[in-house]
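Accompanying notes for the structure given below.
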Amino acid sequence: MNSIHTRRVNRPGMSRRTMIQTSAWSTLGLWGSGWLNPVAGQAAVSSEKGDYAALNRFPRMMQEYFVDRIVRIDEDNKKRISSLQSRTDAEAYIQSVRQKIRECFGPFPEKTPLNPRITGIVDRDAYRIEKVIFESRPNFLVTSNLYIPKGKSFPLPGIVGSCGHSDNGKAAEPYQSFAQGLARLGYVVLIYDPIGQGERLQYPDENLHSRYRPGVGEHIQAGNQQFLVGEFIGSWRAWDGIRALDYLLSREEVDPHHIGVTGNSGGGTMTTWLCGLESRWTMAAPGCFVVTFRRNLENELPADTEQCPPKALALGLDHADFIAAMAPKPVILLGKEKDFFDIRGLEEAYARLRRIYKLLSAEENIGLFAGPTYHGYSQELREAMYRWFNNATHVSTAQSEPELVIEKDETLWCTPRGQVCELGSRTVFSFTKEKSEQLAKQRSRLSGDALKQAVAAALKMPQSQGVPEFRILRALPSRQYPKPHFATYAVETEPGIFALVYRLAQESLYSRPPRDAKRAVLYVSHLSSDDELHNEPLIRELIESEPGAAFYSCDVRGVGESKPNTCGADFSNPYGCDYFYAIHSIMLDYPYTGQKTYDLLRVIALLNSCGHSEIHIAAKGWGALPAAFASLLTESVVQITFKNAPVSFTQIAETEDYKWPLSTLLPDVLKTFDLPDCYQALENKKLRQIEPWGAAPELG
């Protein structure tokens with residue numbers, strides 16, 4: 001074959017597993033030129049007026065980096081399960097995943113009185129519906145419907161129903177349907193509204209509508225903020241399910257020897273997590289959720305905050321492990337051939353579970369049913385669930401769904417106007433704010449080495465060793481930066497990751513950074529060095545104030561030149577690609593802010609190797625966070641200028657309508673320190689703050 005078409009390369013933005021074939025363009029030297037770049041999300045285009053598309057030459061870098069890491073975790077997971085050879089091995093594996101699950105979800109609170117009250121009854125031909133409100137936490141109200149069959153001998157099997165992402169929660173047709181269908185077959189069913197849905201909006205406006213969007217929007221707004229105080233909204237939602245079970249078991253109509261849980265989509269998530277967290281279940285049927293973390297990542301499928309348990313990937317957990325924690329009890333995995341939850345992942349999860357169940361001599365207790373249609377708890381899935389539960393309980397021999405009558409939402413409301421806020425229920429935010437205030441009182445003010453150690457620990461900072469490798473990208477035509485010439489260096493901070501560094505100069509640059517100055521100014525961008533070099537007044541001020549210093553600008557991972565173009569949603573969308581990699585970072589126990597700080601430390605190491613022993617770091621907005629932490633952790637930074645830096649994490653944690661994205665928030669940070677601690681420690685490096693941003697700035 002012609003060598004032009006067979007030469008294999010590994011470029012920035014590709015993992016080691018994603019090496020691609022170059023074409024004749026690479027031979028012509030046009031790779032990375034900006035005019036024709038097969039890696040780029042868009043070419044750099046200029047006009048006579050000087051208008052430019054922002055440079056974004058590595059839009060797949062973050063995706064391939066995370067795929068590379070998670071594929072390795074997935075392969076290790078498969079090897080561990082395939083290595084199991086005996087019942088003893090399987091039982092040891094189950095015990096280990098139970099411990100890991102508890103570590104992910106953290107300790108649950110003490111159980112407090114449920115204080116249940118029945119606010120109404122709907123009487124129907126074969127069942128009645130009690131409208132029940134209980135408190136999963138003090139004054140944190142949960143609205144639920146209890147379906148109780150008529151004409152049956154009690155006690156009967158009980159089922160907790162978990163809703164997916166419906167605006168109207170338990171009143172949505174698929175969830176009414178399975179609750180009513182089970183009741184008609186002889187099950188007592190308690191179905192409850194999730195946080196942020198149905199009657200439990202956390203951000204209602206004056207018209208009792210959500211300010212963000214029921215479900216996804218509210219989960220992300222509440223859940224992202226909780227990380228600052230060491231909470232996980234998935235734990236909160238699972239706790240609601242555990243307390244729902246507590247209430248169900250308090251009813252004399254319920255047989256405690258036959259207790260199941262089911263739900264679909266977001267309810268399938270909760271069913272899956274609850275399988276791993278609660279030992280009282282005797283059967284389960286999660287729908288349209290169980291796959292593998294790998295498939296979701298490879299397919300660029302964002303997930304709610306509660307669907308991404310902290311440390312789960314770092315601990316080697318996958319969806320199947322939450323089901324394995326319940327083995328050998330009967331569980332059926334429900335899915336759809338045409339679902340966005342990849343059916344291949346469902347089959348892979350089932351194969352892993354089948355091996356574990358077989359070693360436990362209970363292979364018949366793990367089932368799989370895949371319907372032919374699209375995502376949803378449709379009739380074929382519900383009927384598969386009925387058959388599975390009937391086989392476990394023998395309460396009915398029915399093979400199909402009884403005739404159903406769907407109620408109006410208002411008929412099922414537990415509250416007068418459909419929202420618990422009117423009954424004085426607390427919100428998730430009120431708990432987050434309260435915990436932030438408590439942590440502030442408990443924290444000791446750290447300084448010196450103690451602060452540095454706390455910062456490094458919170459960032460999960462790896463050891464930085466040696467001088468990083470870098471690539472010199474092909475020179476571009478003038479970008480009309482504050483200096484006439486520039487060179488771009490792709491600094492490899494870790495395998496597969498490149499920080500993009502621009503060196504501005506008066507003369508042409510084609511080679512390594514010149515060793516021409518002891519002092520350097522390093523500007524860390526907010527969202528794009530290329531854009532800010534055109535438009536940010538601070539940059540021109542820095543250049544003019546230090547004419548003898550070398551000037552650099554840097555994009556750390558995930559912004560600017562490596563701004564992702566994945567996930568089918570705009571970068572700034574709360575459910576978009578910036579959030580996608582930030583939440584995966586939390587599952588990897590390697591915070592996104594920590595990764596970006598590490599990038600900056602590696603860039604500083606490169607500048608030090610070029611003779612720049614005195615560095616003035618300047619940063620804007622998002623860039624101020626890694627800049628602050630890096631400045632604290634290295635001695636070569638001697639001066640600091642921040643524009644639009646966040647005032648404090650405390651302020652963000654205590655502001656209901658905060659606007660900082662997950663990628664800028666540091667999990668568990670408020671247990672040990674806050675940004676003002678860092679700012680105070682940096683005052684001896686001539687820290688200057690310009691227009692700090694509060695909790696709800698107009699972010700660009």
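Chain labels follow the order of the structure tokens: the first chain is A, the next B, and so on; residue numbering restarts at 1 in every chain, and ligands are counted from 1 in their shown order.
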Please identify every residue of region 82-168 of chain A that has at least one atom no farther than 8 Å from an atom of region 242-247 of chain A, counting only C-alpha atoms, and for each give the shortest atom pair and the distance in Å to one decimal, arranged by chain then increasing number, as CSV.
```
residue,atom,partner,partner_atom,distance
A:Leu114,CA,A:Tyr247,CA,7.4
A:Pro116,CA,A:Tyr247,CA,8.0
A:Ser136,CA,A:Arg243,CA,5.6
A:Val160,CA,A:Leu245,CA,6.5
```
Per-residue nearest contacts of region 367-473 of chain A to region 617-628 of chain A (12 Å; only C-alpha atoms) as JSON lines:
```
{"residue": "A:Lys452", "atom": "CA", "partner": "A:Ala628", "partner_atom": "CA", "distance": 11.4}
{"residue": "A:Val455", "atom": "CA", "partner": "A:Ala628", "partner_atom": "CA", "distance": 10.4}
{"residue": "A:Ala456", "atom": "CA", "partner": "A:Pro626", "partner_atom": "CA", "distance": 11.5}
{"residue": "A:Leu459", "atom": "CA", "partner": "A:Pro626", "partner_atom": "CA", "distance": 9.8}
{"residue": "A:Met461", "atom": "CA", "partner": "A:Pro626", "partner_atom": "CA", "distance": 11.6}
```
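In this comparison, which uses only C-alpha atoms, the residue of A:Ile195, A:Phe178, A:Ala183, A:Tyr592 approaching Ser378 (chain A) most closely is A:Phe178.
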- So how many Å separate CA of Gly548 (chain A) and CA of Ile640 (chain A), to one decimal? 17.1 Å
Near-Lys79 (chain A) list (12 Å; only C-alpha atoms; drop same-chain fewer than 6 positions) as a PDB file with all heavy atoms, in the first residue's frame:
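result-v2.pdb was written with the following content:
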```
ATOM      1  N   ARG A  72     -10.254   0.975  30.337  1.00  0.00           N
ATOM      2  CA  ARG A  72      -9.347   0.159  31.167  1.00  0.00           C
ATOM      3  C   ARG A  72     -10.029  -0.320  32.447  1.00  0.00           C
ATOM      4  O   ARG A  72      -9.851  -1.467  32.876  1.00  0.00           O
ATOM      5  CB  ARG A  72      -8.088   0.953  31.490  1.00  0.00           C
ATOM      6  CG  ARG A  72      -7.085   1.005  30.338  1.00  0.00           C
ATOM      7  CD  ARG A  72      -5.853   1.793  30.706  1.00  0.00           C
ATOM      8  NE  ARG A  72      -6.085   3.225  30.596  1.00  0.00           N
ATOM      9  CZ  ARG A  72      -5.319   4.147  31.166  1.00  0.00           C
ATOM     10  NH1 ARG A  72      -4.307   3.793  31.921  1.00  0.00           N
ATOM     11  NH2 ARG A  72      -5.575   5.425  31.009  1.00  0.00           N
ATOM     12  N   ILE A  73     -10.822   0.548  33.058  1.00  0.00           N
ATOM     13  CA  ILE A  73     -11.566   0.151  34.254  1.00  0.00           C
ATOM     14  C   ILE A  73     -12.570  -0.942  33.917  1.00  0.00           C
ATOM     15  O   ILE A  73     -12.726  -1.928  34.655  1.00  0.00           O
ATOM     16  CB  ILE A  73     -12.272   1.378  34.868  1.00  0.00           C
ATOM     17  CG1 ILE A  73     -11.233   2.346  35.441  1.00  0.00           C
ATOM     18  CG2 ILE A  73     -13.269   0.961  35.947  1.00  0.00           C
ATOM     19  CD1 ILE A  73     -11.796   3.699  35.837  1.00  0.00           C
ATOM     20  N   GLN A  85     -14.417 -18.359  40.355  1.00  0.00           N
ATOM     21  CA  GLN A  85     -14.489 -19.778  40.012  1.00  0.00           C
ATOM     22  C   GLN A  85     -15.396 -20.599  40.932  1.00  0.00           C
ATOM     23  O   GLN A  85     -15.710 -21.740  40.616  1.00  0.00           O
ATOM     24  CB  GLN A  85     -13.080 -20.390  40.052  1.00  0.00           C
ATOM     25  CG  GLN A  85     -12.108 -19.777  39.072  1.00  0.00           C
ATOM     26  CD  GLN A  85     -12.525 -19.985  37.626  1.00  0.00           C
ATOM     27  OE1 GLN A  85     -13.042 -21.051  37.269  1.00  0.00           O
ATOM     28  NE2 GLN A  85     -12.323 -18.964  36.793  1.00  0.00           N
ATOM     29  N   GLY A 316     -13.973   0.839  40.740  1.00  0.00           N
ATOM     30  CA  GLY A 316     -14.203  -0.272  39.821  1.00  0.00           C
ATOM     31  C   GLY A 316     -15.628  -0.759  39.787  1.00  0.00           C
ATOM     32  O   GLY A 316     -15.900  -1.875  39.316  1.00  0.00           O
ATOM     33  N   ARG A 352     -22.469 -10.607  33.007  1.00  0.00           N
ATOM     34  CA  ARG A 352     -21.648 -10.587  34.224  1.00  0.00           C
ATOM     35  C   ARG A 352     -22.449 -11.110  35.421  1.00  0.00           C
ATOM     36  O   ARG A 352     -21.947 -11.899  36.228  1.00  0.00           O
ATOM     37  CB  ARG A 352     -21.148  -9.165  34.492  1.00  0.00           C
ATOM     38  CG  ARG A 352     -20.251  -8.643  33.376  1.00  0.00           C
ATOM     39  CD  ARG A 352     -19.841  -7.199  33.600  1.00  0.00           C
ATOM     40  NE  ARG A 352     -19.308  -6.621  32.360  1.00  0.00           N
ATOM     41  CZ  ARG A 352     -18.756  -5.418  32.258  1.00  0.00           C
ATOM     42  NH1 ARG A 352     -18.643  -4.653  33.326  1.00  0.00           N
ATOM     43  NH2 ARG A 352     -18.314  -4.976  31.097  1.00  0.00           N
TER      44      ARG A 352
END
```
- Message: Need to verify the contact set: Ile259 (chain A), 12 Å, only C-alpha atoms, exclusion of same-chain residues closer than 6 positions in sequence. Can you return it as number ranges by chain?
- Response: A: 155-161, 187-190, 244-246, 248-249, 275, 278-285, 329-330, 389-390, 392-393
